[in-house]
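Just query-v3.tsv here, TSV, C-alpha atoms and all ligand atoms:
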```tsv
chain	number	residue	atom	x	y	z
R	985	MET	CA	-123.96	-54.91	-106.70
R	986	SER	CA	-127.12	-56.97	-106.61
R	987	PRO	CA	-127.39	-60.41	-108.23
R	988	ALA	CA	-129.86	-58.86	-110.71
R	989	GLN	CA	-127.34	-56.15	-111.74
R	990	LEU	CA	-124.67	-58.77	-112.36
R	991	ALA	CA	-127.10	-60.95	-114.35
R	992	ALA	CA	-127.96	-57.89	-116.46
R	993	GLU	CA	-124.25	-57.40	-117.31
R	994	ILE	CA	-124.07	-60.73	-119.14
R	995	ARG	CA	-127.58	-60.83	-120.58
R	996	GLY	CA	-127.60	-61.42	-124.32
R	997	HIS	CA	-124.31	-63.37	-124.45
R	998	ARG	CA	-125.01	-66.63	-126.25
R	999	GLU	CA	-122.09	-68.54	-124.79
R	1000	LEU	CA	-120.90	-68.27	-121.22
R	1001	LEU	CA	-117.99	-69.85	-119.36
R	1002	LEU	CA	-118.91	-69.71	-115.72
R	1003	MET	CA	-116.04	-70.50	-113.34
R	1004	SER	CA	-116.45	-70.48	-109.58
R	1005	ASP	CA	-114.59	-71.19	-106.38
R	1006	TYR	CA	-116.45	-73.52	-103.96
R	1007	ASP	CA	-115.88	-72.66	-100.25
R	1008	GLY	CA	-117.16	-69.21	-99.30
R	1009	THR	CA	-118.45	-68.62	-102.85
R	1010	LEU	CA	-120.96	-71.35	-103.73
R	1011	VAL	CA	-121.45	-72.43	-100.12
R	1012	PRO	CA	-120.89	-70.40	-96.92
R	1013	LEU	CA	-117.62	-71.02	-95.05
R	1014	ALA	CA	-118.01	-73.68	-92.36
R	1015	PRO	CA	-116.04	-74.25	-89.12
R	1016	ARG	CA	-114.66	-77.48	-90.61
R	1017	PRO	CA	-114.20	-78.14	-94.35
R	1018	GLU	CA	-116.26	-81.35	-94.20
R	1019	LEU	CA	-119.24	-79.30	-92.98
R	1020	ALA	CA	-119.30	-77.07	-96.09
R	1021	LEU	CA	-121.82	-79.21	-97.93
R	1022	PRO	CA	-123.95	-78.16	-100.90
R	1023	GLY	CA	-127.69	-78.18	-100.22
R	1024	GLU	CA	-130.10	-79.87	-102.59
R	1025	GLY	CA	-131.05	-76.36	-103.78
R	1026	LEU	CA	-127.52	-75.64	-105.04
R	1027	LEU	CA	-127.20	-79.06	-106.70
R	1028	ASN	CA	-130.49	-78.44	-108.50
R	1029	LEU	CA	-129.33	-75.00	-109.60
R	1030	LEU	CA	-126.14	-76.46	-111.10
R	1031	ARG	CA	-128.09	-79.23	-112.87
R	1032	GLN	CA	-130.48	-76.69	-114.39
R	1033	LEU	CA	-127.67	-74.33	-115.39
R	1034	LEU	CA	-125.88	-77.11	-117.23
R	1035	ARG	CA	-129.00	-77.74	-119.30
R	1036	ARG	CA	-128.76	-74.19	-120.64
R	1037	PRO	CA	-127.33	-74.34	-124.18
R	1038	GLY	CA	-123.98	-72.57	-124.51
R	1039	LEU	CA	-123.22	-72.57	-120.79
R	1040	HIS	CA	-120.02	-74.20	-119.51
R	1041	LEU	CA	-119.49	-74.53	-115.79
R	1042	ALA	CA	-116.21	-75.21	-113.96
R	1043	ILE	CA	-115.54	-75.30	-110.22
R	1044	ILE	CA	-111.99	-74.22	-109.30
R	1045	SER	CA	-110.95	-74.94	-105.72
R	1046	GLY	CA	-108.07	-75.66	-103.37
R	1047	ARG	CA	-109.74	-79.00	-102.60
R	1048	PRO	CA	-108.66	-82.13	-104.50
R	1049	VAL	CA	-110.75	-83.03	-107.58
R	1050	THR	CA	-111.91	-86.27	-105.86
R	1051	ASP	CA	-113.40	-84.16	-103.05
R	1052	LEU	CA	-115.16	-81.78	-105.47
R	1053	ARG	CA	-116.59	-84.66	-107.46
R	1054	ARG	CA	-118.03	-86.23	-104.33
R	1055	LEU	CA	-119.50	-82.90	-103.18
R	1056	LEU	CA	-120.95	-81.92	-106.57
R	1057	PRO	CA	-122.00	-85.05	-108.48
R	1058	VAL	CA	-123.53	-83.06	-111.34
R	1059	PRO	CA	-123.34	-84.36	-114.94
R	1060	GLY	CA	-121.60	-82.02	-117.35
R	1061	LEU	CA	-119.57	-80.17	-114.70
R	1062	PHE	CA	-115.82	-79.49	-114.99
R	1063	TRP	CA	-113.56	-79.26	-111.95
R	1064	ALA	CA	-110.09	-77.95	-111.16
R	1065	GLY	CA	-108.57	-79.08	-107.88
R	1066	LEU	CA	-105.56	-78.22	-105.70
R	1067	HIS	CA	-105.51	-74.60	-106.90
R	1068	GLY	CA	-105.28	-75.48	-110.56
R	1069	SER	CA	-102.85	-78.43	-110.27
R	1070	GLN	CA	-105.39	-80.79	-111.80
R	1071	VAL	CA	-108.51	-80.53	-113.93
R	1072	ALA	CA	-111.22	-83.05	-114.79
R	1073	GLY	CA	-114.29	-83.04	-116.96
R	1074	PRO	CA	-117.46	-85.10	-117.27
R	1075	ASP	CA	-115.46	-88.05	-118.69
R	1076	GLY	CA	-113.70	-88.33	-115.31
R	1077	VAL	CA	-110.17	-88.18	-116.73
R	1078	VAL	CA	-107.92	-86.09	-114.48
R	1079	VAL	CA	-105.39	-83.92	-116.33
R	1080	ASN	CA	-102.32	-82.78	-114.42
R	1081	LEU	CA	-101.45	-79.11	-115.04
R	1082	ILE	CA	-98.32	-79.03	-112.86
R	1083	PRO	CA	-95.53	-77.89	-115.20
R	1084	GLU	CA	-92.88	-80.18	-113.63
R	1085	PRO	CA	-93.02	-83.44	-111.69
R	1086	SER	CA	-93.33	-82.73	-107.99
R	1087	GLY	CA	-91.30	-85.53	-106.43
R	1088	ASP	CA	-88.88	-83.08	-104.81
R	1089	ILE	CA	-91.22	-81.69	-102.15
R	1090	PRO	CA	-91.28	-83.85	-99.00
R	1091	TRP	CA	-95.05	-83.58	-98.45
R	1092	PRO	CA	-95.16	-86.28	-95.71
R	1093	LYS	CA	-92.64	-84.30	-93.62
R	1094	ILE	CA	-94.60	-81.08	-94.11
R	1095	PHE	CA	-97.80	-82.88	-93.16
R	1096	HIS	CA	-96.06	-84.18	-90.03
R	1097	LEU	CA	-95.01	-80.61	-89.04
R	1098	ALA	CA	-98.57	-79.41	-89.56
R	1099	ARG	CA	-99.88	-82.26	-87.41
R	1100	LYS	CA	-97.42	-81.27	-84.68
R	1101	THR	CA	-98.75	-77.69	-84.76
R	1102	ALA	CA	-102.34	-78.92	-84.66
R	1103	ALA	CA	-101.68	-81.32	-81.79
R	1104	GLY	CA	-100.31	-78.49	-79.62
R	1105	THR	CA	-103.11	-75.99	-80.28
R	1106	PRO	CA	-106.79	-76.72	-79.72
R	1107	GLY	CA	-108.99	-75.84	-82.67
R	1108	PHE	CA	-106.44	-76.53	-85.43
R	1109	LEU	CA	-107.32	-78.96	-88.23
R	1110	VAL	CA	-104.90	-80.33	-90.79
R	1111	GLU	CA	-105.95	-81.27	-94.29
R	1112	ASN	CA	-103.64	-83.59	-96.19
R	1113	LYS	CA	-104.16	-83.02	-99.91
R	1114	GLY	CA	-101.35	-85.28	-101.09
R	1115	GLU	CA	-99.76	-82.49	-103.16
R	1116	GLY	CA	-100.40	-79.85	-100.53
R	1117	VAL	CA	-101.32	-79.26	-96.91
R	1118	ALA	CA	-103.82	-76.86	-95.35
R	1119	LEU	CA	-104.01	-75.75	-91.73
R	1120	HIS	CA	-107.52	-74.64	-90.76
R	1121	TYR	CA	-107.84	-72.59	-87.56
R	1122	ARG	CA	-111.38	-71.18	-87.60
R	1123	LEU	CA	-112.04	-72.97	-84.29
R	1124	ALA	CA	-108.79	-71.91	-82.55
R	1125	GLU	CA	-108.39	-69.06	-80.06
R	1126	PRO	CA	-106.89	-66.15	-82.13
R	1127	ALA	CA	-103.79	-65.39	-79.99
R	1128	ALA	CA	-102.90	-69.08	-79.62
R	1129	ALA	CA	-103.45	-69.54	-83.38
R	1130	ALA	CA	-101.12	-66.64	-84.23
R	1131	ALA	CA	-98.36	-68.02	-81.96
R	1132	ALA	CA	-98.71	-71.55	-83.37
R	1133	LEU	CA	-98.60	-70.26	-86.96
R	1134	ARG	CA	-95.42	-68.25	-86.21
R	1135	GLN	CA	-93.76	-71.42	-84.91
R	1136	PHE	CA	-95.03	-73.46	-87.86
R	1137	ARG	CA	-93.60	-70.93	-90.34
R	1138	CYS	CA	-90.20	-71.20	-88.56
R	1139	ASP	CA	-90.36	-75.01	-88.69
R	1140	LEU	CA	-91.06	-74.82	-92.43
R	1141	GLN	CA	-88.07	-72.59	-93.23
R	1142	PRO	CA	-85.72	-75.48	-94.19
R	1143	PHE	CA	-88.27	-76.69	-96.76
R	1144	LEU	CA	-88.92	-73.37	-98.49
R	1145	PRO	CA	-86.07	-73.83	-101.02
R	1146	CYS	CA	-87.90	-76.97	-102.29
R	1147	GLY	CA	-90.33	-74.64	-104.03
R	1148	LEU	CA	-93.06	-74.23	-101.43
R	1149	GLU	CA	-95.39	-71.30	-101.13
R	1150	LEU	CA	-97.44	-70.29	-98.08
R	1151	LEU	CA	-100.82	-68.75	-98.68
R	1152	PRO	CA	-102.88	-67.27	-95.88
R	1153	GLY	CA	-106.65	-67.18	-96.48
R	1154	HIS	CA	-109.88	-67.03	-94.43
R	1155	LYS	CA	-108.61	-68.71	-91.19
R	1156	ILE	CA	-106.55	-71.09	-93.29
R	1157	LEU	CA	-102.88	-71.37	-94.18
R	1158	GLU	CA	-102.26	-73.28	-97.38
R	1159	ILE	CA	-98.90	-74.80	-98.25
R	1160	ARG	CA	-98.65	-75.50	-101.95
R	1161	ARG	CA	-96.10	-75.77	-104.74
R	1162	ARG	CA	-94.85	-72.39	-105.95
R	1163	GLY	CA	-96.12	-71.46	-109.40
R	1164	ILE	CA	-99.38	-73.37	-108.94
R	1165	ASN	CA	-102.42	-71.18	-108.79
R	1166	LYS	CA	-106.01	-70.98	-109.93
R	1167	GLY	CA	-104.89	-68.91	-112.92
R	1168	LEU	CA	-103.59	-72.13	-114.55
R	1169	ALA	CA	-107.08	-73.59	-114.47
R	1170	VAL	CA	-108.65	-70.37	-115.79
R	1171	THR	CA	-106.22	-70.39	-118.71
R	1172	TYR	CA	-107.01	-74.07	-119.37
R	1173	PHE	CA	-110.78	-73.50	-119.47
R	1174	THR	CA	-110.72	-70.23	-121.43
R	1175	ARG	CA	-108.65	-72.01	-124.11
R	1176	LEU	CA	-111.22	-74.82	-124.25
R	1177	TRP	CA	-114.02	-72.32	-124.98
R	1178	PRO	CA	-112.34	-69.19	-126.37
R	1179	GLN	CA	-115.59	-67.93	-127.90
R	1180	ALA	CA	-117.48	-67.90	-124.57
R	1181	LEU	CA	-117.70	-64.87	-122.26
R	1182	PRO	CA	-115.67	-65.89	-119.17
R	1183	LEU	CA	-116.79	-65.01	-115.66
R	1184	TYR	CA	-115.05	-66.04	-112.43
R	1185	LEU	CA	-116.54	-65.88	-108.92
R	1186	GLY	CA	-114.29	-66.11	-105.84
R	1187	ASP	CA	-114.03	-64.93	-102.24
R	1188	ASP	CA	-110.40	-65.33	-101.17
R	1189	ARG	CA	-106.84	-64.35	-101.91
R	1190	THR	CA	-106.19	-67.46	-104.02
R	1191	ASP	CA	-108.99	-66.31	-106.34
R	1192	GLU	CA	-107.03	-63.16	-107.22
R	1193	ASP	CA	-104.75	-65.34	-109.40
R	1194	ALA	CA	-107.86	-66.52	-111.23
R	1195	PHE	CA	-109.05	-62.93	-111.75
R	1196	ALA	CA	-105.65	-61.97	-113.15
R	1197	ALA	CA	-105.69	-64.84	-115.67
R	1198	LEU	CA	-109.04	-63.85	-117.20
R	1199	PRO	CA	-108.73	-62.70	-120.79
R	1200	ALA	CA	-109.75	-59.15	-121.76
R	1201	GLY	CA	-113.50	-58.71	-121.40
R	1202	GLY	CA	-113.78	-61.43	-118.72
R	1203	LEU	CA	-115.69	-60.59	-115.55
R	1204	ALA	CA	-113.86	-60.96	-112.21
R	1205	VAL	CA	-116.58	-61.14	-109.56
R	1206	GLY	CA	-115.36	-60.67	-105.97
R	1207	VAL	CA	-117.55	-62.31	-103.32
R	1208	GLY	CA	-117.74	-61.22	-99.66
R	1209	SER	CA	-116.00	-58.67	-97.47
R	1210	ARG	CA	-112.49	-59.17	-98.87
R	1211	PHE	CA	-113.49	-57.67	-102.22
R	1212	ARG	CA	-116.04	-55.04	-101.13
R	1213	GLY	CA	-115.05	-51.84	-102.92
R	1214	ARG	CA	-112.10	-53.57	-104.62
R	1215	THR	CA	-113.56	-55.34	-107.64
R	1216	ARG	CA	-115.80	-53.75	-110.27
R	1217	TYR	CA	-118.16	-56.74	-110.10
R	1218	TYR	CA	-119.09	-57.79	-106.61
R	1219	LEU	CA	-121.61	-59.99	-104.72
R	1220	ASP	CA	-121.77	-59.87	-100.95
R	1221	SER	CA	-122.22	-63.54	-100.02
R	1222	ALA	CA	-122.60	-67.15	-101.16
R	1223	ALA	CA	-126.37	-66.62	-100.87
R	1224	ALA	CA	-126.11	-63.77	-103.41
R	1225	VAL	CA	-124.09	-66.03	-105.73
R	1226	ASN	CA	-126.87	-68.63	-105.55
R	1227	GLN	CA	-129.45	-65.92	-106.38
R	1228	PHE	CA	-127.33	-64.86	-109.35
R	1229	LEU	CA	-127.26	-68.47	-110.64
R	1230	GLU	CA	-131.05	-68.68	-110.26
R	1231	LEU	CA	-131.41	-65.53	-112.35
R	1232	LEU	CA	-129.27	-67.03	-115.11
R	1233	ILE	CA	-131.66	-69.97	-115.32
R	1234	LYS	CA	-134.67	-67.64	-115.32
R	1235	ASP	CA	-133.13	-65.40	-118.00
R	1236	ASP	CA	-132.57	-68.41	-120.20
R	1237	ARG	CA	-136.22	-69.46	-119.87
R	1238	GLU	CA	-137.32	-65.95	-120.84
R	1239	LEU	CA	-134.92	-65.66	-123.76
R	1240	THR	CA	-135.59	-69.11	-125.23
R	1241	PRO	CA	-138.69	-69.19	-127.45
R	1242	ALA	CA	-141.17	-71.85	-126.27
R	1301	MG	MG	-113.15	-69.69	-101.25
```
So, in terms of structure tokens, how does the structure I just supplied come out?
Ligand SMILES: [Mg+2]
Amino acid sequence: MSPAQLAAEIRGHRELLLMSDYDGTLVPLAPRPELALPGEGLLNLLRQLLRRPGLHLAIISGRPVTDLRRLLPVPGLFWAGLHGSQVAGPDGVVVNLIPEPSGDIPWPKIFHLARKTAAGTPGFLVENKGEGVALHYRLAEPAAAAAALRQFRCDLQPFLPCGLELLPGHKILEIRRRGINKGLAVTYFTRLWPQALPLYLGDDRTDEDAFAALPAGGLAVGVGSRFRGRTRYYLDSAAAVNQFLELLIKDDRELTPA
């Protein structure tokens, strides 16, 4: 659907809870995570959106909250990092949503195994998230990447009983604590603003947990090829998401009496 069609679906709602993934949804996917930077245009859009009365905005990502805060230094924004393990609001206080303490997962060992895989295969990048590890292989040769990932999965076998979960995404393999997913963050934010119409935008498999956690009436908006023909609400790229956000600002100007 077009950004205008999606904007029309929510027109007239006085209070909106807008939740969005970051990579591949607000900004296009980049070869390396540190290259997926927001342009000044996106930062301006978010600043203007947050001036709209009755609009709450939360970014829900696999990245740590500290990373999201640095990327999107926008007053009034809420963040959820590490797939819903932690949330933070404008006051900067980070709330941990992990149901149990996570001291039993040997993250340094898992990081070491990931580094070993990356060292043996050109084009692999390892992201150490503290409470999680991600292997990025957008720059690796596909057959070599598949072989390295097979070996890595074998190496990880002894650690799976610790409560790990492996999540393949867009040229990324995430290792995270089982039971942690973006749905936790969606539940947290929809309870904060139960009267608002919730809408979630996401482009990857991890966003399906967020879609599933939306309360009745919430809009699950799939972004990009993964969701084409699969979700009722759909935008085809990060550029279309940005156009949709622009329309929300424009709608507000038109609906608000001068
Ligand atoms: Mg994404």
Kindly assemble as JSON lines a list of the chain R residues that lie within 7 Å of ligand MG 1301 (chain R), each paired with its nearest atom pair and their distance in Å to one decimal, using all atoms listed in the file, sorted first by chain and then by ascending residue number.
```
{"residue": "R:Asp1005", "atom": "CA", "partner": "R:MG1301", "partner_atom": "MG", "distance": 5.5}
{"residue": "R:Tyr1006", "atom": "CA", "partner": "R:MG1301", "partner_atom": "MG", "distance": 5.7}
{"residue": "R:Asp1007", "atom": "CA", "partner": "R:MG1301", "partner_atom": "MG", "distance": 4.2}
{"residue": "R:Gly1008", "atom": "CA", "partner": "R:MG1301", "partner_atom": "MG", "distance": 4.5}
{"residue": "R:Thr1009", "atom": "CA", "partner": "R:MG1301", "partner_atom": "MG", "distance": 5.6}
{"residue": "R:Gly1186", "atom": "CA", "partner": "R:MG1301", "partner_atom": "MG", "distance": 5.9}
{"residue": "R:Asp1187", "atom": "CA", "partner": "R:MG1301", "partner_atom": "MG", "distance": 4.9}
{"residue": "R:Asp1188", "atom": "CA", "partner": "R:MG1301", "partner_atom": "MG", "distance": 5.2}
```
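Take the candidates R:Pro1106, R:Pro1017, R:Pro1012, R:Gly996 and check each one against Ala1224 of chain R using only C-alpha atoms; the shortest distance goes to R:Pro1012.
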Using all atoms listed in the file for the distances, tell me which of R:Phe1108, R:Lys1166, R:Arg1175, R:Ala1222 is nearest to Pro1126 of chain R.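 Going through R:Phe1108, R:Lys1166, R:Arg1175, R:Ala1222 one by one, the smallest distance to Pro1126 of chain R is for R:Phe1108.
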Please provide the set of residues having any atom within 12 Å of Asn1028 of chain R, restricted to only C-alpha atoms, with same-chain residues fewer than 2 positions apart removed, written as a ChimeraX atom specification. /R:1022-1026,1030-1035,1056-1059,1226,1229-1230,1233
Could you produce a table of the residues of segment 1124-1162 of chain R lying within 12 Å of segment 1064-1080 of chain R, with the nearest pair of atoms per residue and their separation in Å rounded to one decimal, using all atoms listed in the file, ordered by chain and increasing residue number, as JSON lines?
```
{"residue": "R:Leu1151", "atom": "CA", "partner": "R:His1067", "partner_atom": "CA", "distance": 11.1}
{"residue": "R:Glu1158", "atom": "CA", "partner": "R:His1067", "partner_atom": "CA", "distance": 10.1}
{"residue": "R:Ile1159", "atom": "CA", "partner": "R:Leu1066", "partner_atom": "CA", "distance": 10.6}
{"residue": "R:Arg1160", "atom": "CA", "partner": "R:Leu1066", "partner_atom": "CA", "distance": 8.3}
{"residue": "R:Arg1161", "atom": "CA", "partner": "R:Ser1069", "partner_atom": "CA", "distance": 9.1}
{"residue": "R:Arg1162", "atom": "CA", "partner": "R:Ser1069", "partner_atom": "CA", "distance": 10.9}
```
Hey, what's within 9 Å of His1040 of chain R if we count all atoms listed in the file and toss same-chain stuff fewer than 6 positions away? As a PyMOL selection string, please? chain R and resi 999-1003+1033-1034+1060-1062+1177+1180
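Between atom CA of Arg1214 of chain R and atom CA of Arg1189 of chain R there is a distance of 12.3 Å.
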Computed interatomic separation between atom CA of Leu1168 of chain R and atom CA of Asp1193 of chain R (Å):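 Value for the atom CA of Leu1168 of chain R-atom CA of Asp1193 of chain R distance: 8.6 Å.
Each of R:Leu1029, R:Val1207, R:Ala1131, R:Ala1014 was compared to Thr1101 of chain R using only C-alpha atoms, and R:Ala1131 turns out to be the nearest.
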Name the residues within 10 Å of (-117.5, -56.8, -125.0), counting all atoms listed in the file in the file's coordinates, and put them as number ranges by chain. R: 994, 997, 1181, 1200-1202
Just give me the gap between atom CA of Ile1094 of chain R and atom CA of Pro1145 of chain R in Å, one decimal is fine. 13.2 Å
Segment 1119-1121 of chain R: which residues within 7 Å, counting all atoms listed in the file, same-chain residues fewer than 4 positions away excluded, as a PyMOL selection string? chain R and resi 1098+1107-1111+1129+1155-1158
Choose the residue, out of R:Pro1037, R:Gly1167, R:Gly1147, R:Pro1142, that has the smallest atom-to-atom separation from Leu1097 of chain R; count only C-alpha atoms. R:Pro1142
Measuring between only C-alpha atoms, which one of R:Gln1141, R:Leu1183, R:Glu1192, R:Arg1122 shows the shortest distance to Asn1165 of chain R?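 Between R:Gln1141, R:Leu1183, R:Glu1192, R:Arg1122, the residue approaching Asn1165 of chain R most closely is R:Glu1192.
In terms of minimum interatomic distance to Thr1215 of chain R, R:Asp1191 ranks closest within R:Glu1149, R:Asp1236, R:Asp1191, R:Glu1115, counting only C-alpha atoms.
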Counting all atoms listed in the file, which residues come within 12 Å of (-126.6, -57.9, -115.5), with the point read in the file's coordinates, and could you list them as a ChimeraX atom specification? /R:985-997,1203,1217-1218,1228-1229,1231-1232,1235
Output, as AutoDock Vina command-line options, the centre and edge lengths in Å (one decimal) of the axis-aligned box that contains all listed atoms of segment 1155-1163 of chain R with 6 Å of margin on each side.
```
--center_x -101.7 --center_y -72.2 --center_z -100.3 --size_x 25.8 --size_y 19.1 --size_z 30.2
```
Keeping just C-alpha atoms, export segment 1163-1179 of chain R of this structure as a CSV table (one decimal), in the first residue's frame.
```csv
chain,number,residue,atom,x,y,z
R,1163,GLY,CA,12.0,-15.6,25.8
R,1164,ILE,CA,13.3,-12.1,25.0
R,1165,ASN,CA,11.6,-10.6,22.1
R,1166,LYS,CA,10.3,-7.3,20.8
R,1167,GLY,CA,6.8,-8.3,22.0
R,1168,LEU,CA,7.9,-7.5,25.6
R,1169,ALA,CA,8.6,-3.9,24.6
R,1170,VAL,CA,5.3,-3.6,22.7
R,1171,THR,CA,3.4,-4.8,25.8
R,1172,TYR,CA,5.3,-2.4,27.9
R,1173,PHE,CA,4.5,0.6,25.7
R,1174,THR,CA,0.9,-0.3,25.0
R,1175,ARG,CA,0.3,-0.5,28.8
R,1176,LEU,CA,1.8,3.0,29.2
R,1177,TRP,CA,-0.7,4.4,26.8
R,1178,PRO,CA,-3.6,2.0,26.6
R,1179,GLN,CA,-5.9,4.7,25.1
```
